[in-house]
>>> print(open('run_19.cif').read())   # mmCIF, C-alpha atoms
data_protein
loop_
_atom_site.group_PDB
_atom_site.id
_atom_site.type_symbol
_atom_site.label_atom_id
_atom_site.label_comp_id
_atom_site.auth_asym_id
_atom_site.auth_seq_id
_atom_site.Cartn_x
_atom_site.Cartn_y
_atom_site.Cartn_z
ATOM 1 C CA MET T 1226 -68.270 -11.590 196.473
ATOM 2 C CA ARG T 1227 -64.957 -13.133 197.385
ATOM 3 C CA GLN T 1228 -64.689 -14.648 200.804
ATOM 4 C CA ARG T 1229 -61.467 -13.538 202.465
ATOM 5 C CA GLY T 1230 -59.065 -15.213 204.858
ATOM 6 C CA ASN T 1231 -59.573 -18.786 203.643
ATOM 7 C CA GLY T 1232 -55.952 -19.480 202.738
ATOM 8 C CA GLN T 1233 -54.495 -20.001 199.286
ATOM 9 C CA ILE T 1234 -56.232 -23.308 198.487
ATOM 10 C CA GLY T 1235 -59.667 -21.887 199.392
ATOM 11 C CA ASP T 1236 -58.959 -18.762 197.310
ATOM 12 C CA GLU T 1237 -57.999 -20.833 194.316
ATOM 13 C CA LEU T 1238 -61.119 -22.956 194.623
ATOM 14 C CA GLN T 1239 -63.299 -19.857 194.874
ATOM 15 C CA ILE T 1240 -61.615 -18.312 191.829
ATOM 16 C CA ARG T 1241 -62.157 -21.515 189.873
ATOM 17 C CA PHE T 1242 -65.803 -21.715 190.918
ATOM 18 C CA THR T 1243 -66.352 -18.052 190.059
ATOM 19 C CA GLY T 1244 -64.854 -18.577 186.592
ATOM 20 C CA TYR T 1245 -67.022 -21.656 186.085
ATOM 21 C CA LEU T 1246 -70.112 -19.773 187.225
ATOM 22 C CA ILE T 1247 -69.386 -16.764 184.981
ATOM 23 C CA GLN T 1248 -69.227 -19.061 181.935
ATOM 24 C CA ALA T 1249 -72.516 -20.728 182.891
ATOM 25 C CA VAL T 1250 -74.184 -17.361 183.604
ATOM 26 C CA LYS T 1251 -73.058 -15.929 180.251
ATOM 27 C CA ARG T 1252 -74.424 -18.992 178.448
ATOM 28 C CA THR T 1253 -77.767 -18.711 180.239
ATOM 29 C CA GLN T 1254 -77.948 -14.986 179.479
ATOM 30 C CA ARG T 1255 -77.189 -15.574 175.783
ATOM 31 C CA ASP T 1256 -79.804 -18.348 175.487
ATOM 32 C CA TYR T 1257 -82.374 -16.210 177.278
ATOM 33 C CA LEU T 1258 -81.760 -13.202 175.008
ATOM 34 C CA MET T 1259 -81.924 -15.421 171.914
ATOM 35 C CA SER T 1260 -85.294 -16.855 172.941
ATOM 36 C CA LEU T 1261 -86.531 -13.348 173.783
ATOM 37 C CA TYR T 1262 -85.449 -12.090 170.351
ATOM 38 C CA LYS T 1263 -87.114 -15.040 168.577
ATOM 39 C CA ASP T 1264 -90.375 -14.489 170.469
ATOM 40 C CA SER T 1265 -90.385 -10.773 169.715
ATOM 41 C CA THR T 1266 -89.839 -11.235 165.946
ATOM 42 C CA GLN T 1267 -92.585 -13.879 165.778
ATOM 43 C CA GLU T 1268 -94.962 -11.616 167.690
ATOM 44 C CA VAL T 1269 -94.332 -8.700 165.363
ATOM 45 C CA LEU T 1270 -94.959 -10.861 162.297
ATOM 46 C CA THR T 1271 -98.245 -12.191 163.671
ATOM 47 C CA GLU T 1272 -99.380 -8.727 164.715
ATOM 48 C CA GLU T 1273 -98.562 -7.289 161.318
ATOM 49 C CA ILE T 1274 -100.522 -9.976 159.488
ATOM 50 C CA TYR T 1275 -103.593 -9.558 161.656
ATOM 51 C CA ALA T 1276 -103.372 -5.758 161.709
ATOM 52 C CA ILE T 1277 -103.302 -5.498 157.935
ATOM 53 C CA GLY T 1278 -105.744 -8.368 157.497
ATOM 54 C CA LYS T 1279 -104.343 -9.415 154.138
ATOM 55 C CA THR T 1280 -104.635 -12.854 152.708
ATOM 56 C CA LEU T 1281 -101.556 -14.734 151.597
ATOM 57 C CA GLU T 1282 -102.646 -14.292 147.975
ATOM 58 C CA GLN T 1283 -102.824 -10.491 148.356
ATOM 59 C CA GLU T 1284 -99.387 -10.385 149.920
ATOM 60 C CA VAL T 1285 -97.876 -12.484 147.153
ATOM 61 C CA MET T 1286 -99.522 -10.341 144.473
ATOM 62 C CA GLU T 1287 -98.078 -7.187 146.032
ATOM 63 C CA GLN T 1288 -94.575 -8.591 145.944
ATOM 64 C CA MET T 1289 -94.830 -9.583 142.263
ATOM 65 C CA PRO T 1290 -93.728 -7.328 139.413
ATOM 66 C CA PHE T 1291 -96.552 -5.432 137.715
ATOM 67 C CA TRP T 1292 -96.488 -7.566 134.571
ATOM 68 C CA GLU T 1293 -96.934 -10.767 136.559
ATOM 69 C CA THR T 1294 -100.112 -9.516 138.229
ATOM 70 C CA ILE T 1295 -102.029 -9.059 134.960
ATOM 71 C CA GLU T 1296 -104.158 -12.130 134.433
ATOM 72 C CA ASP T 1297 -105.712 -11.072 131.125
ATOM 73 C CA SER T 1298 -103.211 -12.197 128.504
ATOM 74 C CA ALA T 1299 -104.776 -10.014 125.790
ATOM 75 C CA LEU T 1300 -104.408 -6.902 127.942
ATOM 76 C CA LEU T 1301 -100.851 -7.870 128.790
ATOM 77 C CA TYR T 1302 -100.030 -8.327 125.106
ATOM 78 C CA ALA T 1303 -101.646 -4.985 124.233
ATOM 79 C CA LEU T 1304 -99.740 -3.140 126.964
ATOM 80 C CA LYS T 1305 -96.498 -4.615 125.711
ATOM 81 C CA GLN T 1306 -97.235 -3.301 122.218
ATOM 82 C CA LEU T 1307 -97.344 0.302 123.466
ATOM 83 C CA ASP T 1308 -94.202 2.376 123.427
ATOM 84 C CA GLU T 1309 -92.623 3.476 126.708
ATOM 85 C CA ARG T 1310 -94.222 6.942 126.703
ATOM 86 C CA GLU T 1311 -97.715 5.691 125.890
ATOM 87 C CA ARG T 1312 -97.508 3.030 128.580
ATOM 88 C CA TYR T 1313 -96.231 5.497 131.174
ATOM 89 C CA ILE T 1314 -99.070 7.955 130.555
ATOM 90 C CA LEU T 1315 -101.781 5.289 130.304
ATOM 91 C CA LEU T 1316 -100.774 3.525 133.517
ATOM 92 C CA GLY T 1317 -100.096 6.796 135.333
ATOM 93 C CA ARG T 1318 -103.589 7.976 134.465
ATOM 94 C CA VAL T 1319 -105.482 4.711 135.081
ATOM 95 C CA LEU T 1320 -103.647 3.263 138.081
ATOM 96 C CA ASP T 1321 -102.193 6.282 139.888
ATOM 97 C CA GLU T 1322 -104.915 8.740 138.750
ATOM 98 C CA HIS T 1323 -102.363 11.453 137.946
ATOM 99 C CA SER T 1324 -103.478 14.545 136.040
ATOM 100 C CA PHE T 1325 -102.513 15.107 132.388
ATOM 101 C CA ASP T 1326 -100.630 18.218 133.562
ATOM 102 C CA LEU T 1327 -98.378 16.142 135.802
ATOM 103 C CA LEU T 1328 -97.957 13.276 133.344
ATOM 104 C CA GLY T 1329 -97.229 15.749 130.537
ATOM 105 C CA ALA T 1330 -94.673 17.622 132.631
ATOM 106 C CA LYS T 1331 -92.862 14.379 133.415
ATOM 107 C CA GLN T 1332 -92.724 13.417 129.737
ATOM 108 C CA GLY T 1333 -91.973 16.908 128.400
ATOM 109 C CA LEU T 1334 -95.472 17.354 126.915
ATOM 110 C CA SER T 1335 -98.271 19.857 127.320
ATOM 111 C CA TYR T 1336 -101.637 18.987 128.900
ATOM 112 C CA LYS T 1337 -103.096 18.477 125.432
ATOM 113 C CA GLY T 1338 -100.116 16.423 124.307
ATOM 114 C CA ALA T 1339 -100.403 14.061 127.299
ATOM 115 C CA ALA T 1340 -104.183 13.742 126.810
ATOM 116 C CA ALA T 1341 -103.664 12.953 123.111
ATOM 117 C CA VAL T 1342 -101.090 10.262 123.932
ATOM 118 C CA TYR T 1343 -103.457 8.789 126.541
ATOM 119 C CA TYR T 1344 -106.477 8.576 124.211
ATOM 120 C CA ARG T 1345 -104.324 7.233 121.408
ATOM 121 C CA ALA T 1346 -102.947 4.557 123.766
ATOM 122 C CA ILE T 1347 -106.465 3.615 124.913
ATOM 123 C CA LYS T 1348 -107.579 3.225 121.290
ATOM 124 C CA LYS T 1349 -104.505 1.164 120.480
ATOM 125 C CA VAL T 1350 -105.078 -1.133 123.486
ATOM 126 C CA ARG T 1351 -108.754 -1.629 122.582
ATOM 127 C CA ARG T 1352 -107.888 -2.417 118.982
ATOM 128 C CA ILE T 1353 -105.176 -4.923 119.934
ATOM 129 C CA ILE T 1354 -107.397 -6.659 122.508
ATOM 130 C CA LYS T 1355 -110.164 -6.951 119.894
ATOM 131 C CA GLU T 1356 -107.730 -8.462 117.386
ATOM 132 C CA VAL T 1357 -106.319 -10.933 119.915
ATOM 133 C CA ASN T 1358 -109.769 -12.040 121.076
ATOM 134 C CA SER T 1359 -111.047 -12.518 117.508
ATOM 135 C CA ARG T 1360 -107.992 -14.647 116.712
ATOM 136 C CA ASP T 1361 -108.579 -16.800 119.813
ATOM 137 C CA ILE T 1362 -112.124 -17.610 118.730
ATOM 138 C CA MET Y 403 -66.769 -21.548 207.419
ATOM 139 C CA THR Y 404 -64.386 -21.595 204.457
ATOM 140 C CA PHE Y 405 -65.652 -21.349 200.895
ATOM 141 C CA GLU Y 406 -64.716 -24.970 200.286
ATOM 142 C CA GLU Y 407 -66.734 -26.134 203.295
ATOM 143 C CA MET Y 408 -69.627 -23.985 202.239
ATOM 144 C CA LEU Y 409 -69.532 -25.399 198.711
ATOM 145 C CA ARG Y 410 -69.280 -28.977 199.924
ATOM 146 C CA ARG Y 411 -72.275 -28.499 202.212
ATOM 147 C CA ALA Y 412 -74.234 -26.768 199.476
ATOM 148 C CA LYS Y 413 -73.529 -29.720 197.191
ATOM 149 C CA THR Y 414 -75.176 -32.048 199.702
ATOM 150 C CA GLY Y 415 -78.264 -29.831 199.722
ATOM 151 C CA ASP Y 416 -77.582 -27.777 202.863
ATOM 152 C CA HIS Y 417 -80.034 -24.906 202.662
ATOM 153 C CA GLU Y 418 -77.997 -22.462 204.770
ATOM 154 C CA ALA Y 419 -74.804 -23.002 202.758
ATOM 155 C CA THR Y 420 -76.674 -22.629 199.468
ATOM 156 C CA THR Y 421 -78.235 -19.369 200.661
ATOM 157 C CA SER Y 422 -74.814 -18.068 201.712
ATOM 158 C CA ILE Y 423 -73.353 -18.765 198.251
ATOM 159 C CA LEU Y 424 -76.395 -17.202 196.605
ATOM 160 C CA THR Y 425 -76.010 -14.099 198.764
ATOM 161 C CA MET Y 426 -72.307 -13.957 197.931
ATOM 162 C CA TYR Y 427 -72.911 -14.101 194.153
ATOM 163 C CA ARG Y 428 -76.156 -12.100 194.044
ATOM 164 C CA PRO Y 429 -74.488 -8.809 192.908
ATOM 165 C CA MET Y 430 -72.917 -10.636 189.972
ATOM 166 C CA LEU Y 431 -76.197 -12.323 189.005
ATOM 167 C CA ILE Y 432 -78.015 -8.980 189.178
ATOM 168 C CA ARG Y 433 -75.381 -7.382 186.956
ATOM 169 C CA TYR Y 434 -75.915 -10.058 184.286
ATOM 170 C CA ALA Y 435 -79.718 -9.807 184.636
ATOM 171 C CA ILE Y 436 -79.827 -6.116 183.721
ATOM 172 C CA ILE Y 437 -81.067 -5.668 180.142
ATOM 173 C CA ASN Y 438 -81.280 -2.163 178.678
ATOM 174 C CA GLY Y 439 -80.786 -0.629 182.110
ATOM 175 C CA ARG Y 440 -83.595 -2.660 183.714
ATOM 176 C CA LEU Y 441 -83.493 -5.729 185.900
ATOM 177 C CA ASP Y 442 -85.116 -8.591 184.012
ATOM 178 C CA GLU Y 443 -86.638 -10.661 186.810
ATOM 179 C CA ASP Y 444 -87.194 -13.738 184.642
ATOM 180 C CA LEU Y 445 -83.548 -13.700 183.616
ATOM 181 C CA TYR Y 446 -82.510 -13.214 187.248
ATOM 182 C CA GLN Y 447 -84.509 -16.325 188.190
ATOM 183 C CA GLU Y 448 -82.831 -18.249 185.370
ATOM 184 C CA LEU Y 449 -79.411 -17.136 186.618
ATOM 185 C CA CYS Y 450 -80.256 -18.245 190.166
ATOM 186 C CA ILE Y 451 -81.125 -21.679 188.772
ATOM 187 C CA THR Y 452 -77.837 -21.635 186.855
ATOM 188 C CA LEU Y 453 -76.001 -20.975 190.133
ATOM 189 C CA MET Y 454 -77.755 -23.933 191.778
ATOM 190 C CA ARG Y 455 -76.815 -26.126 188.823
ATOM 191 C CA ALA Y 456 -73.208 -24.853 188.957
ATOM 192 C CA ILE Y 457 -73.001 -25.786 192.665
ATOM 193 C CA LYS Y 458 -74.163 -29.315 191.828
ATOM 194 C CA LEU Y 459 -71.966 -29.816 188.754
ATOM 195 C CA PHE Y 460 -68.728 -28.096 189.841
ATOM 196 C CA LYS Y 461 -65.982 -30.590 190.658
ATOM 197 C CA ILE Y 462 -63.972 -29.661 193.742
#
>>> encode(input="run_19.cif", output="structure tokens")
Amino acid sequence: MRQRGNGQIGDELQIRFTGYLIQAVKRTQRDYLMSLYKDSTQEVLTEEIYAIGKTLEQEVMEQMPFWETIEDSALLYALKQLDERERYILLGRVLDEHSFDLLGAKQGLSYKGAAAVYYRAIKKVRRIIKEVNSRDI
Amino acid sequence: MTFEEMLRRAKTGDHEATTSILTMYRPMLIRYAIINGRLDEDLYQELCITLMRAIKLFKI
């Protein structure tokens, strides 16, 4: 790269120019990589949105805690009245469609025990919802 | 032709002098245009433009 035999003044000038150029080249490279990175992250986001095809509302709902997604206030109130074990088995059965065997094993109960807790919880929820709705009217 | 002469001529828009400087610095530009082991041609073009701008802006 360096041109030889130009004398000391020429050498110094070339060294200065090379240093100046290296700075400019590094700046251009950094700016280019930054713009490339920005483009790639924007492309991924757009692709993800279109690939999944979700609306903004669906995405927001998925990010929210479970309690916040329940719109029926009576149901929410009823679920909050259940104890931890009843709620775990009810939601595990209804939402995740787990078997009573699995739910029972996780809670230290037999199949029959888990089923009994589930049906008791369902009854309790129905009763509470009925009470809440009758009070509202 | 000394580097100083070459640079002065390139600054006035001399095509031959500009090409000589570009040829001289091409290996360096290529080295900076390699991203993940591959030559990024767009970046190389940008760096060539940067060299042209540097020729114009550099104060002798």
>>> atom_distance(input="run_19.cif", atom1="atom CA of Y:Pro429", atom2="atom CA of Y:Glu406")
20.3 Å
>>> closest_atom_pairs(input="run_19.cif", of="chain Y", to="chain T", cutoff="7 Å", atoms="all atoms listed in the file", output="tab-separated table")
residue	atom	partner	partner_atom	distance
Y:Thr404	CA	T:Asn1231	CA	5.6
Y:Phe405	CA	T:Gly1235	CA	6.2
Y:Glu406	CA	T:Gly1235	CA	6.0
Y:Met426	CA	T:Met1226	CA	4.9
Y:Tyr427	CA	T:Met1226	CA	5.8
Y:Leu445	CA	T:Tyr1257	CA	6.9
Y:Leu449	CA	T:Val1250	CA	6.0
Y:Thr452	CA	T:Val1250	CA	6.5
Y:Leu453	CA	T:Leu1246	CA	6.7
Y:Ala456	CA	T:Leu1246	CA	6.2
>>> atom_distance(input="run_19.cif", atom1="atom CA of T:Asp1264", atom2="atom CA of Y:Ile437")
16.1 Å
>>> residues_around(input="run_19.cif", residues="T:Ala1299", least_positions_apart="6", cutoff="8 Å", atoms="all atoms listed in the file", output="ChimeraX atom specification")
/T:1353-1354,1357-1358
>>> resolve_selection(input="run_19.cif", expression="the PyMOL selection byres ((chain T and resi 1304-1320) around 9)", output="list of chain:residue names")
T:Ala1299, T:Leu1300, T:Leu1301, T:Tyr1302, T:Ala1303, T:Asp1321, T:Glu1322, T:His1323, T:Ser1324, T:Phe1325, T:Leu1328, T:Gly1329, T:Gln1332, T:Ala1339, T:Ala1340, T:Val1342, T:Tyr1343, T:Tyr1344, T:Arg1345, T:Ala1346, T:Ile1347, T:Lys1349, T:Val1350, T:Ile1353
>>> residues_around(input="run_19.cif", residues="Y:Ile457", least_positions_apart="2", cutoff="9 Å", atoms="only C-alpha atoms", output="NGL selection string")
(:T and (1242 or 1246)) or (:Y and (409-410 or 412-413 or 420 or 423 or 452-455 or 459-461))
>>> atom_distance(input="run_19.cif", atom1="atom CA of Y:Gln447", atom2="atom CA of Y:Ala419")
18.7 Å
